[in-house]
$ cat coords.pdb   # PDB, C-alpha atoms
ATOM      1  CA  MET O   1     -41.114 -78.296  28.964
ATOM      2  CA  ILE O   2     -40.076 -81.020  31.405
ATOM      3  CA  ASN O   3     -40.003 -84.746  30.699
ATOM      4  CA  ILE O   4     -38.924 -87.395  33.166
ATOM      5  CA  TYR O   5     -37.473 -90.741  32.055
ATOM      6  CA  LYS O   6     -36.209 -93.851  33.788
ATOM      7  CA  THR O   7     -34.821 -97.178  32.701
ATOM      8  CA  ILE O   8     -37.420 -99.841  33.461
ATOM      9  CA  ASP O   9     -36.765-103.464  32.483
ATOM     10  CA  GLY O  10     -33.888-102.381  30.248
ATOM     11  CA  LYS O  11     -35.901 -99.724  28.373
ATOM     12  CA  VAL O  12     -36.023 -95.956  28.786
ATOM     13  CA  GLU O  13     -39.615 -95.028  29.585
ATOM     14  CA  GLU O  14     -41.298 -91.762  30.484
ATOM     15  CA  ILE O  15     -42.661 -91.448  34.023
ATOM     16  CA  GLU O  16     -44.849 -88.873  35.751
ATOM     17  CA  GLU O  17     -42.934 -88.057  38.932
ATOM     18  CA  ILE O  18     -39.294 -87.490  39.828
ATOM     19  CA  GLU O  19     -37.871 -90.687  41.255
ATOM     20  CA  LYS O  20     -34.481 -91.952  42.318
ATOM     21  CA  HIS O  21     -32.215 -92.682  39.328
ATOM     22  CA  ALA O  22     -34.544 -90.779  36.977
ATOM     23  CA  TRP O  23     -33.434 -88.552  34.121
ATOM     24  CA  ILE O  24     -35.062 -85.125  33.948
ATOM     25  CA  ASN O  25     -34.947 -83.504  30.507
ATOM     26  CA  MET O  26     -35.763 -79.787  30.291
ATOM     27  CA  VAL O  27     -36.275 -78.064  26.922
ATOM     28  CA  ASN O  28     -36.590 -74.271  26.946
ATOM     29  CA  PRO O  29     -38.045 -74.329  30.483
ATOM     30  CA  THR O  30     -40.035 -71.453  31.934
ATOM     31  CA  ASP O  31     -39.018 -69.624  35.101
ATOM     32  CA  GLU O  32     -41.673 -71.535  37.032
ATOM     33  CA  GLU O  33     -40.333 -74.876  35.788
ATOM     34  CA  LEU O  34     -36.779 -73.909  36.680
ATOM     35  CA  LEU O  35     -37.838 -72.867  40.162
ATOM     36  CA  TRP O  36     -39.831 -76.084  40.647
ATOM     37  CA  VAL O  37     -36.932 -78.360  39.639
ATOM     38  CA  SER O  38     -34.531 -76.307  41.737
ATOM     39  CA  ASP O  39     -36.744 -76.718  44.823
ATOM     40  CA  GLN O  40     -37.593 -80.381  44.215
ATOM     41  CA  MET O  41     -34.008 -81.503  43.641
ATOM     42  CA  ASN O  42     -32.052 -78.873  45.583
ATOM     43  CA  VAL O  43     -30.172 -77.820  42.456
ATOM     44  CA  GLU O  44     -28.501 -74.454  42.026
ATOM     45  CA  GLU O  45     -30.670 -72.346  39.735
ATOM     46  CA  ASP O  46     -27.491 -70.998  38.093
ATOM     47  CA  PHE O  47     -26.672 -74.568  37.036
ATOM     48  CA  LEU O  48     -30.088 -74.930  35.426
ATOM     49  CA  ARG O  49     -29.823 -71.596  33.608
ATOM     50  CA  ALA O  50     -26.267 -72.131  32.358
ATOM     51  CA  ALA O  51     -27.240 -73.838  29.079
ATOM     52  CA  LEU O  52     -30.061 -71.354  28.417
ATOM     53  CA  ASP O  53     -27.522 -68.762  27.322
ATOM     54  CA  GLU O  54     -26.701 -69.244  23.633
ATOM     55  CA  GLU O  55     -23.246 -67.754  24.214
ATOM     56  CA  GLU O  56     -22.424 -70.132  27.063
ATOM     57  CA  ILE O  57     -19.022 -71.794  26.626
ATOM     58  CA  SER O  58     -18.271 -75.455  27.262
ATOM     59  CA  ARG O  59     -17.160 -76.023  30.835
ATOM     60  CA  ALA O  60     -17.244 -78.458  33.742
ATOM     61  CA  GLU O  61     -17.784 -77.449  37.380
ATOM     62  CA  TRP O  62     -18.156 -79.153  40.729
ATOM     63  CA  ASP O  63     -20.181 -77.672  43.593
ATOM     64  CA  GLU O  64     -18.774 -78.917  46.889
ATOM     65  CA  ASP O  65     -21.701 -77.618  48.941
ATOM     66  CA  THR O  66     -24.331 -79.660  47.103
ATOM     67  CA  ASN O  67     -22.057 -82.373  45.646
ATOM     68  CA  GLN O  68     -23.387 -81.660  42.179
ATOM     69  CA  ALA O  69     -21.545 -81.473  38.853
ATOM     70  CA  LEU O  70     -22.349 -79.263  35.874
ATOM     71  CA  ILE O  71     -21.129 -80.153  32.385
ATOM     72  CA  THR O  72     -21.928 -77.716  29.587
ATOM     73  CA  ILE O  73     -21.063 -78.789  26.054
ATOM     74  CA  ASP O  74     -21.858 -77.567  22.561
ATOM     75  CA  VAL O  75     -23.920 -79.826  20.314
ATOM     76  CA  PRO O  76     -24.236 -79.402  16.531
ATOM     77  CA  THR O  77     -27.528 -78.193  15.077
ATOM     78  CA  MET O  78     -28.867 -78.090  11.530
ATOM     79  CA  ASP O  79     -31.317 -75.534  10.139
ATOM     80  CA  ASP O  80     -32.897 -76.668   6.872
ATOM     81  CA  SER O  81     -35.810 -74.217   6.895
ATOM     82  CA  SER O  82     -34.251 -72.087   4.126
ATOM     83  CA  ASP O  83     -32.933 -73.010   0.689
ATOM     84  CA  MET O  84     -29.460 -73.428   2.129
ATOM     85  CA  VAL O  85     -28.834 -75.860   4.996
ATOM     86  CA  LEU O  86     -27.037 -74.017   7.794
ATOM     87  CA  TYR O  87     -25.092 -75.567  10.654
ATOM     88  CA  SER O  88     -24.382 -74.112  14.057
ATOM     89  CA  THR O  89     -23.937 -75.188  17.683
ATOM     90  CA  LEU O  90     -26.097 -75.017  20.788
ATOM     91  CA  PRO O  91     -25.128 -75.419  24.461
ATOM     92  CA  VAL O  92     -26.537 -78.338  26.445
ATOM     93  CA  GLY O  93     -26.218 -78.559  30.203
ATOM     94  CA  ILE O  94     -25.815 -81.896  31.995
ATOM     95  CA  ILE O  95     -26.223 -81.796  35.781
ATOM     96  CA  GLU O  96     -25.342 -84.778  37.952
ATOM     97  CA  THR O  97     -26.916 -84.838  41.386
ATOM     98  CA  HIS O  98     -26.572 -87.503  44.045
ATOM     99  CA  GLU O  99     -29.431 -89.553  42.585
ATOM    100  CA  ASN O 100     -30.401 -88.078  39.211
ATOM    101  CA  ILE O 101     -29.279 -86.669  35.885
ATOM    102  CA  ILE O 102     -30.723 -83.407  34.532
ATOM    103  CA  THR O 103     -30.287 -82.158  30.967
ATOM    104  CA  VAL O 104     -31.173 -78.597  29.952
ATOM    105  CA  CYS O 105     -31.318 -77.170  26.436
ATOM    106  CA  LEU O 106     -32.942 -74.249  24.628
ATOM    107  CA  GLU O 107     -34.270 -76.409  21.783
ATOM    108  CA  GLU O 108     -35.147 -80.013  21.142
ATOM    109  CA  HIS O 109     -32.127 -81.848  19.785
ATOM    110  CA  THR O 110     -31.764 -85.161  17.979
ATOM    111  CA  VAL O 111     -29.116 -86.405  20.416
ATOM    112  CA  ILE O 112     -31.424 -86.057  23.405
ATOM    113  CA  GLU O 113     -34.414 -87.327  21.433
ATOM    114  CA  ASP O 114     -32.517 -90.506  20.549
ATOM    115  CA  PHE O 115     -32.170 -91.335  24.237
ATOM    116  CA  ALA O 116     -35.730 -90.320  25.093
ATOM    117  CA  LYS O 117     -37.236 -92.435  22.300
ATOM    118  CA  GLY O 118     -35.130 -95.493  23.034
ATOM    119  CA  ARG O 119     -33.017 -95.355  19.874
ATOM    120  CA  VAL O 120     -29.813 -95.808  21.895
ATOM    121  CA  LYS O 121     -29.243 -99.299  23.269
ATOM    122  CA  HIS O 122     -27.961-100.240  26.695
ATOM    123  CA  VAL O 123     -28.965 -96.988  28.381
ATOM    124  CA  PHE O 124     -29.384 -97.183  32.157
ATOM    125  CA  THR O 125     -30.304 -93.962  33.928
ATOM    126  CA  ASN O 126     -29.108 -95.382  37.252
ATOM    127  CA  LEU O 127     -25.555 -95.639  35.864
ATOM    128  CA  LYS O 128     -25.060 -91.879  35.825
ATOM    129  CA  THR O 129     -21.424 -91.707  34.723
ATOM    130  CA  ARG O 130     -21.951 -94.119  31.837
ATOM    131  CA  PHE O 131     -25.128 -92.291  30.832
ATOM    132  CA  ILE O 132     -23.259 -88.969  30.689
ATOM    133  CA  PHE O 133     -20.469 -90.498  28.587
ATOM    134  CA  GLN O 134     -23.041 -92.039  26.253
ATOM    135  CA  ILE O 135     -24.536 -88.576  25.687
ATOM    136  CA  LEU O 136     -21.087 -87.129  25.029
ATOM    137  CA  TYR O 137     -20.310 -89.946  22.594
ATOM    138  CA  ARG O 138     -23.515 -89.318  20.642
ATOM    139  CA  VAL O 139     -22.686 -85.609  20.491
ATOM    140  CA  ALA O 140     -19.228 -86.338  19.062
ATOM    141  CA  SER O 141     -20.734 -88.784  16.539
ATOM    142  CA  ARG O 142     -23.296 -86.168  15.467
ATOM    143  CA  PHE O 143     -20.468 -83.718  14.768
ATOM    144  CA  LEU O 144     -18.884 -86.289  12.456
ATOM    145  CA  VAL O 145     -22.184 -86.887  10.652
ATOM    146  CA  TYR O 146     -22.733 -83.181  10.032
ATOM    147  CA  LEU O 147     -19.127 -82.716   8.902
ATOM    148  CA  ARG O 148     -19.674 -85.371   6.239
ATOM    149  CA  HIS O 149     -22.862 -83.555   5.202
ATOM    150  CA  ILE O 150     -20.901 -80.323   4.831
ATOM    151  CA  ASN O 151     -18.259 -82.071   2.737
ATOM    152  CA  ARG O 152     -20.897 -83.503   0.376
ATOM    153  CA  MET O 153     -22.634 -80.141   0.080
ATOM    154  CA  SER O 154     -19.377 -78.349  -0.731
ATOM    155  CA  THR O 155     -18.666 -80.920  -3.455
ATOM    156  CA  GLU O 156     -22.084 -80.297  -5.039
ATOM    157  CA  ILE O 157     -21.596 -76.532  -4.884
ATOM    158  CA  GLU O 158     -18.187 -76.864  -6.542
ATOM    159  CA  LYS O 159     -19.831 -78.673  -9.461
ATOM    160  CA  GLU O 160     -22.273 -75.783  -9.821
ATOM    161  CA  LEU O 161     -19.415 -73.293  -9.733
ATOM    162  CA  HIS O 162     -17.878 -74.906 -12.819
ATOM    163  CA  ARG O 163     -20.984 -73.870 -14.764
ATOM    164  CA  SER O 164     -21.745 -70.569 -13.055
ATOM    165  CA  MET O 165     -20.385 -67.038 -12.896
ATOM    166  CA  LYS O 166     -22.710 -65.856 -10.132
ATOM    167  CA  ASN O 167     -21.969 -65.112  -6.484
ATOM    168  CA  LYS O 168     -24.691 -67.434  -5.136
ATOM    169  CA  GLU O 169     -22.450 -70.489  -4.952
ATOM    170  CA  LEU O 170     -19.611 -68.540  -3.349
ATOM    171  CA  ILE O 171     -22.015 -67.244  -0.687
ATOM    172  CA  GLN O 172     -23.125 -70.833  -0.015
ATOM    173  CA  LEU O 173     -19.496 -71.890   0.395
ATOM    174  CA  LEU O 174     -18.995 -68.960   2.761
ATOM    175  CA  ASP O 175     -21.923 -70.195   4.894
ATOM    176  CA  LEU O 176     -20.391 -73.669   5.015
ATOM    177  CA  GLU O 177     -17.016 -72.243   5.991
ATOM    178  CA  LYS O 178     -18.711 -70.279   8.766
ATOM    179  CA  SER O 179     -20.327 -73.509   9.974
ATOM    180  CA  LEU O 180     -16.936 -75.205  10.048
ATOM    181  CA  VAL O 181     -15.549 -72.359  12.151
ATOM    182  CA  PHE O 182     -18.402 -72.826  14.651
ATOM    183  CA  PHE O 183     -17.784 -76.568  14.724
ATOM    184  CA  SER O 184     -14.038 -76.249  15.156
ATOM    185  CA  THR O 185     -14.364 -73.747  18.017
ATOM    186  CA  SER O 186     -16.999 -75.827  19.815
ATOM    187  CA  LEU O 187     -15.105 -79.084  19.366
ATOM    188  CA  LYS O 188     -11.933 -77.641  20.868
ATOM    189  CA  ALA O 189     -13.909 -76.368  23.854
ATOM    190  CA  ASN O 190     -15.582 -79.780  24.242
ATOM    191  CA  GLN O 191     -12.166 -81.428  24.101
ATOM    192  CA  LEU O 192     -10.989 -79.352  27.059
ATOM    193  CA  VAL O 193     -14.081 -80.407  29.032
ATOM    194  CA  LEU O 194     -13.423 -84.081  28.273
ATOM    195  CA  GLU O 195      -9.801 -83.779  29.363
ATOM    196  CA  LYS O 196     -11.018 -82.207  32.593
ATOM    197  CA  LEU O 197     -13.481 -85.060  33.126
ATOM    198  CA  GLN O 198     -10.717 -87.581  32.477
ATOM    199  CA  ARG O 199      -8.944 -86.425  35.649
ATOM    200  CA  GLY O 200     -11.870 -87.755  37.700
ATOM    201  CA  ARG O 201     -12.384 -84.635  39.807
ATOM    202  CA  ILE O 202     -15.751 -83.549  38.403
ATOM    203  CA  ILE O 203     -17.593 -86.861  38.190
ATOM    204  CA  LYS O 204     -16.590 -90.205  39.615
ATOM    205  CA  LEU O 205     -14.897 -92.458  37.062
ATOM    206  CA  TYR O 206     -15.435 -96.189  37.084
ATOM    207  CA  GLU O 207     -13.067 -98.644  35.463
ATOM    208  CA  ASP O 208     -15.731 -99.850  33.003
ATOM    209  CA  ASP O 209     -16.443 -96.280  31.877
ATOM    210  CA  LYS O 210     -12.887 -95.117  31.240
ATOM    211  CA  GLU O 211     -12.748 -96.890  27.887
ATOM    212  CA  LEU O 212     -15.987 -95.183  26.814
ATOM    213  CA  LEU O 213     -14.558 -91.785  27.770
ATOM    214  CA  GLU O 214     -11.427 -92.538  25.750
ATOM    215  CA  ASP O 215     -13.634 -93.385  22.760
ATOM    216  CA  VAL O 216     -15.413 -90.033  23.164
ATOM    217  CA  ILE O 217     -12.079 -88.182  23.199
ATOM    218  CA  ILE O 218     -10.937 -90.048  20.085
ATOM    219  CA  GLU O 219     -14.186 -89.153  18.286
ATOM    220  CA  VAL O 220     -13.795 -85.485  19.203
ATOM    221  CA  GLU O 221     -10.167 -85.425  18.076
ATOM    222  CA  GLN O 222     -11.188 -86.993  14.761
ATOM    223  CA  ALA O 223     -13.954 -84.408  14.364
ATOM    224  CA  ILE O 224     -11.493 -81.572  15.049
ATOM    225  CA  GLU O 225      -9.081 -82.921  12.442
ATOM    226  CA  MET O 226     -11.859 -83.351   9.869
ATOM    227  CA  SER O 227     -13.158 -79.862  10.584
ATOM    228  CA  ASN O 228      -9.712 -78.319  10.053
ATOM    229  CA  ILE O 229      -9.120 -80.282   6.843
ATOM    230  CA  TYR O 230     -12.518 -79.390   5.375
ATOM    231  CA  SER O 231     -12.079 -75.754   6.384
ATOM    232  CA  ASN O 232      -8.692 -75.514   4.654
ATOM    233  CA  ILE O 233     -10.029 -77.211   1.513
ATOM    234  CA  LEU O 234     -13.093 -74.972   1.471
ATOM    235  CA  SER O 235     -11.031 -71.835   1.957
ATOM    236  CA  GLY O 236      -8.696 -72.783  -0.889
ATOM    237  CA  THR O 237     -11.639 -73.693  -3.123
ATOM    238  CA  MET O 238     -13.319 -70.339  -2.486
ATOM    239  CA  ASP O 239     -10.144 -68.437  -3.325
ATOM    240  CA  ALA O 240      -9.620 -70.464  -6.498
ATOM    241  CA  PHE O 241     -13.175 -70.068  -7.765
ATOM    242  CA  ALA O 242     -13.261 -66.388  -6.854
ATOM    243  CA  SER O 243     -10.212 -65.961  -9.094
ATOM    244  CA  ILE O 244     -11.880 -68.029 -11.839
ATOM    245  CA  ILE O 245     -15.042 -65.911 -11.720
ATOM    246  CA  SER O 246     -12.957 -62.738 -11.824
ATOM    247  CA  ASN O 247     -10.955 -64.101 -14.764
ATOM    248  CA  ASN O 248     -14.142 -65.048 -16.639
ATOM    249  CA  LEU O 249     -15.456 -61.536 -16.097
ATOM    250  CA  ASN O 250     -12.225 -60.087 -17.480
ATOM    251  CA  ILE O 251     -12.577 -62.270 -20.598
ATOM    252  CA  VAL O 252     -16.134 -61.061 -21.152
ATOM    253  CA  MET O 253     -15.068 -57.442 -20.732
ATOM    254  CA  LYS O 254     -12.191 -57.987 -23.173
ATOM    255  CA  VAL O 255     -14.505 -59.389 -25.845
ATOM    256  CA  LEU O 256     -17.010 -56.574 -25.326
ATOM    257  CA  THR O 257     -14.211 -54.017 -25.619
ATOM    258  CA  ALA O 258     -13.043 -55.545 -28.914
ATOM    259  CA  ILE O 259     -16.593 -55.473 -30.294
ATOM    260  CA  THR O 260     -16.985 -51.853 -29.172
ATOM    261  CA  ILE O 261     -13.793 -50.885 -31.039
ATOM    262  CA  LEU O 262     -15.027 -52.538 -34.228
ATOM    263  CA  MET O 263     -18.411 -50.827 -33.977
ATOM    264  CA  ALA O 264     -16.735 -47.469 -33.410
ATOM    265  CA  ILE O 265     -14.957 -47.517 -36.787
ATOM    266  CA  PRO O 266     -18.055 -47.323 -39.082
ATOM    267  CA  THR O 267     -19.671 -44.925 -36.611
ATOM    268  CA  MET O 268     -16.687 -42.574 -36.715
ATOM    269  CA  VAL O 269     -16.306 -42.688 -40.518
ATOM    270  CA  SER O 270     -20.013 -42.149 -41.151
ATOM    271  CA  SER O 271     -20.028 -39.228 -38.745
ATOM    272  CA  PHE O 272     -17.274 -37.523 -40.740
ATOM    273  CA  TYR O 273     -19.066 -37.954 -44.028
ATOM    274  CA  GLY O 274     -22.402 -37.072 -42.487
ATOM    275  CA  MET O 275     -21.242 -33.539 -41.808
ATOM    276  CA  ASN O 276     -21.989 -30.692 -44.201
ATOM    277  CA  VAL O 277     -18.314 -30.404 -45.198
ATOM    278  CA  THR O 278     -16.834 -30.388 -48.702
ATOM    279  CA  GLY O 279     -13.498 -31.639 -49.938
ATOM    280  CA  LEU O 280     -13.495 -34.997 -48.139
ATOM    281  CA  PRO O 281     -11.792 -37.815 -50.083
ATOM    282  CA  PHE O 282     -13.886 -40.754 -51.365
ATOM    283  CA  ALA O 283     -17.030 -38.621 -51.217
ATOM    284  CA  ASN O 284     -19.271 -41.102 -53.039
ATOM    285  CA  PHE O 285     -21.106 -43.800 -51.048
ATOM    286  CA  GLY O 286     -19.449 -46.809 -52.638
ATOM    287  CA  SER O 287     -15.908 -45.632 -51.888
ATOM    288  CA  VAL O 288     -16.782 -44.836 -48.270
ATOM    289  CA  LEU O 289     -18.309 -48.266 -47.789
ATOM    290  CA  ILE O 290     -15.136 -49.919 -49.097
ATOM    291  CA  VAL O 291     -13.004 -47.790 -46.748
ATOM    292  CA  VAL O 292     -15.188 -48.766 -43.754
ATOM    293  CA  VAL O 293     -15.026 -52.470 -44.587
ATOM    294  CA  VAL O 294     -11.252 -52.404 -45.111
ATOM    295  CA  LEU O 295     -10.540 -50.470 -41.889
ATOM    296  CA  THR O 296     -12.871 -52.690 -39.860
ATOM    297  CA  SER O 297     -11.310 -55.846 -41.287
ATOM    298  CA  LEU O 298      -7.763 -54.643 -40.562
ATOM    299  CA  VAL O 299      -8.628 -53.704 -36.977
ATOM    300  CA  ALA O 300     -10.481 -57.020 -36.512
ATOM    301  CA  LEU O 301      -7.403 -58.903 -37.757
ATOM    302  CA  VAL O 302      -5.141 -57.038 -35.310
ATOM    303  CA  LEU O 303      -7.523 -57.713 -32.394
ATOM    304  CA  TYR O 304      -7.789 -61.389 -33.358
ATOM    305  CA  LYS O 305      -3.986 -61.798 -33.353
ATOM    306  CA  LYS O 306      -3.919 -60.267 -29.869
ATOM    307  CA  ASN O 307      -6.503 -62.852 -28.688
ATOM    308  CA  MET O 308      -9.094 -60.216 -27.920
ATOM    309  CA  PHE O 309     -11.958 -62.535 -28.902
ATOM    310  CA  SER O 310     -11.111 -65.450 -26.604
TER
END
$ encode --input "coords.pdb" --output "structure tokens"
Amino acid sequence: MINIYKTIDGKVEEIEEIEKHAWINMVNPTDEELLWVSDQMNVEEDFLRAALDEEEISRAEWDEDTNQALITIDVPTMDDSSDMVLYSTLPVGIIETHENIITVCLEEHTVIEDFAKGRVKHVFTNLKTRFIFQILYRVASRFLVYLRHINRMSTEIEKELHRSMKNKELIQLLDLEKSLVFFSTSLKANQLVLEKLQRGRIIKLYEDDKELLEDVIIEVEQAIEMSNIYSNILSGTMDAFASIISNNLNIVMKVLTAITILMAIPTMVSSFYGMNVTGLPFANFGSVLIVVVVLTSLVALVLYKKNMFS
């Protein structure tokens, strides 16, 4: 799918044809669409396909032959289709040509949608460098939003763990920890791309845009720090609650063992006297019952003093 946008009278509006200073947004494009954009705008097809690989790493390149820049960054994604909300990352390619900006992604993403639907103010597609930095800033901000979501979710799961002995909550924490690993890895790769852009060799830096780029770097550094802190807390919480669940299981097994011992005493005595054997002491029923009660009480007292019932 291809959509073309341009800032007209201060607003981002969709247009029909590719024009100068237009923004071309491609979402999961077909081979025919890739070939058409490549021919129309003289863009390397490898640049257009870069972000269509889910395993693509964040990077920034400059093509001297065509004077075009490729910036590939990871953006955070959220999947709430199942019972558990899962977080991951997805590569997005930003291509700067002499007159236009092209974005390529496998799926529709809220960051790009915010620009397309005019939710971001002061967006001018003719100011290419500022537009790119605005996209990067929104990506960094989205990481922070999702990190706060993960922190709130982990807090709720911890409350459930206080009342549960099941593995469900621990598995949910494991999914969140996995999400934090994805975030941390992607953020560090994005940070390297931003540092490369800061040198001014990939895209031209203007004095008014340097402050915006510094804000993006600060946001990414804050997201990295938050991701590491949450990951360490989550890892420690999982270890602690795994030990608690194991300890609770040991307590249950201890109580069941004590009950089994007590039940074994009358079973063992009755089995002796149930045999066809003569000469056993206390052969009448009343005496045997007293013996069973006394033995069971004594063993129960010993087990109680050894805290076998708590």
$ resolve_selection --input "coords.pdb" --expression "the PyMOL selection byres ((chain O and resi 101) around 8)" --output "ChimeraX atom specification"
/O:21-24,94-97,99-100,102-103,125,128
$ write_last_selection --input "coords.pdb" --atoms "C-alpha atoms" --output "compact mmCIF listing (two decimals), in the frame of the given file"
# COMPACT_ATOMS: atom_id res chain seq x y z
CA HIS O 21 -32.22 -92.68 39.33
CA ALA O 22 -34.54 -90.78 36.98
CA TRP O 23 -33.43 -88.55 34.12
CA ILE O 24 -35.06 -85.12 33.95
CA ILE O 94 -25.82 -81.90 32.00
CA ILE O 95 -26.22 -81.80 35.78
CA GLU O 96 -25.34 -84.78 37.95
CA THR O 97 -26.92 -84.84 41.39
CA GLU O 99 -29.43 -89.55 42.58
CA ASN O 100 -30.40 -88.08 39.21
CA ILE O 102 -30.72 -83.41 34.53
CA THR O 103 -30.29 -82.16 30.97
CA THR O 125 -30.30 -93.96 33.93
CA LYS O 128 -25.06 -91.88 35.83
$ resolve_selection --input "coords.pdb" --expression "the PyMOL selection byres ((chain O and resi 4) around 9)" --output "list of chain:residue names"
O:Ile2, O:Asn3, O:Tyr5, O:Lys6, O:Glu13, O:Glu14, O:Ile15, O:Glu16, O:Glu17, O:Ile18, O:Glu19, O:Ala22, O:Trp23, O:Ile24, O:Asn25, O:Met26
$ atom_distance --input "coords.pdb" --atom1 "CA of Val291 in chain O" --atom2 "CA of Met263 in chain O"
14.2 Å
$ atom_distance --input "coords.pdb" --atom1 "CA of Thr257 in chain O" --atom2 "CA of Leu303 in chain O"
10.2 Å
$ closest_residue --input "coords.pdb" --among "O:Gly93, O:Ile71, O:Ala242, O:Leu194" --to "Leu161 in chain O" --atoms "only C-alpha atoms"
O:Ala242
$ atom_distance --input "coords.pdb" --atom1 "CA of Leu170 in chain O" --atom2 "CA of Ser184 in chain O"
20.8 Å
$ residues_around --input "coords.pdb" --residues "range 129-137 of chain O" --least-positions-apart "5" --cutoff "7 Å" --atoms "only C-alpha atoms" --output "count of residues only"
7
$ closest_residue --input "coords.pdb" --among "O:Ile251, O:Ile233, O:Ile73, O:Ala258" --to "Thr185 in chain O" --atoms "only C-alpha atoms"
O:Ile73
$ closest_residue --input "coords.pdb" --among "O:Gln68, O:Ser58, O:Ser179, O:Gln222" --to "Glu44 in chain O" --atoms "all atoms listed in the file"
O:Gln68
$ residues_around --input "coords.pdb" --residues "range 219-221 of chain O" --least-positions-apart "5" --cutoff "12 Å" --atoms "all atoms listed in the file" --output "VMD selection string"
chain O and resid 74 to 75 136 to 145 147 183 to 195 212 to 214 226 to 228
$ closest_residue --input "coords.pdb" --among "O:Lys117, O:Arg49, O:Arg59, O:Arg148" --to "Val104 in chain O" --atoms "all atoms listed in the file"
O:Arg49
$ residues_around --input "coords.pdb" --residues "Met78 in chain O" --least-positions-apart "2" --cutoff "12 Å" --atoms "all atoms listed in the file" --output "ChimeraX atom specification"
/O:75-76,80-82,84-90,107-110,142-143,145-147,149-150,176,179,183
$ build_atoms --input "coords.pdb" --residues "range 84-100 of chain O" --atoms "N, CA and C atoms" --output "compact mmCIF listing (two decimals), keeping the file's coordinate frame"
# COMPACT_ATOMS: atom_id res chain seq x y z
N MET O 84 -30.80 -72.96 1.80
CA MET O 84 -29.46 -73.43 2.13
C MET O 84 -29.45 -74.03 3.53
N VAL O 85 -28.93 -75.23 3.69
CA VAL O 85 -28.83 -75.86 5.00
C VAL O 85 -27.70 -75.20 5.78
N LEU O 86 -28.02 -74.71 6.97
CA LEU O 86 -27.04 -74.02 7.79
C LEU O 86 -26.75 -74.84 9.05
N TYR O 87 -25.51 -74.82 9.48
CA TYR O 87 -25.09 -75.57 10.65
C TYR O 87 -24.56 -74.60 11.71
N SER O 88 -24.86 -74.93 12.95
CA SER O 88 -24.38 -74.11 14.06
C SER O 88 -24.24 -75.01 15.28
N THR O 89 -24.05 -74.42 16.44
CA THR O 89 -23.94 -75.19 17.68
C THR O 89 -24.84 -74.59 18.75
N LEU O 90 -25.18 -75.41 19.73
CA LEU O 90 -26.10 -75.02 20.79
C LEU O 90 -25.61 -75.63 22.10
N PRO O 91 -25.58 -74.85 23.19
CA PRO O 91 -25.13 -75.42 24.46
C PRO O 91 -26.17 -76.34 25.09
N VAL O 92 -25.70 -77.41 25.69
CA VAL O 92 -26.54 -78.34 26.44
C VAL O 92 -25.90 -78.52 27.82
N GLY O 93 -26.71 -78.39 28.85
CA GLY O 93 -26.22 -78.56 30.20
C GLY O 93 -26.58 -79.94 30.76
N ILE O 94 -25.60 -80.60 31.35
CA ILE O 94 -25.82 -81.90 32.00
C ILE O 94 -25.46 -81.74 33.47
N ILE O 95 -26.43 -81.97 34.34
CA ILE O 95 -26.22 -81.80 35.78
C ILE O 95 -26.35 -83.16 36.45
N GLU O 96 -25.32 -83.52 37.21
CA GLU O 96 -25.34 -84.78 37.95
C GLU O 96 -25.56 -84.47 39.42
N THR O 97 -26.66 -84.96 39.96
CA THR O 97 -26.92 -84.84 41.39
C THR O 97 -26.58 -86.17 42.06
N HIS O 98 -26.90 -86.27 43.32
CA HIS O 98 -26.57 -87.50 44.04
C HIS O 98 -27.35 -88.70 43.50
N GLU O 99 -28.58 -88.44 43.01
CA GLU O 99 -29.43 -89.55 42.58
C GLU O 99 -29.92 -89.44 41.15
N ASN O 100 -29.77 -88.29 40.51
CA ASN O 100 -30.40 -88.08 39.21
C ASN O 100 -29.47 -87.39 38.21
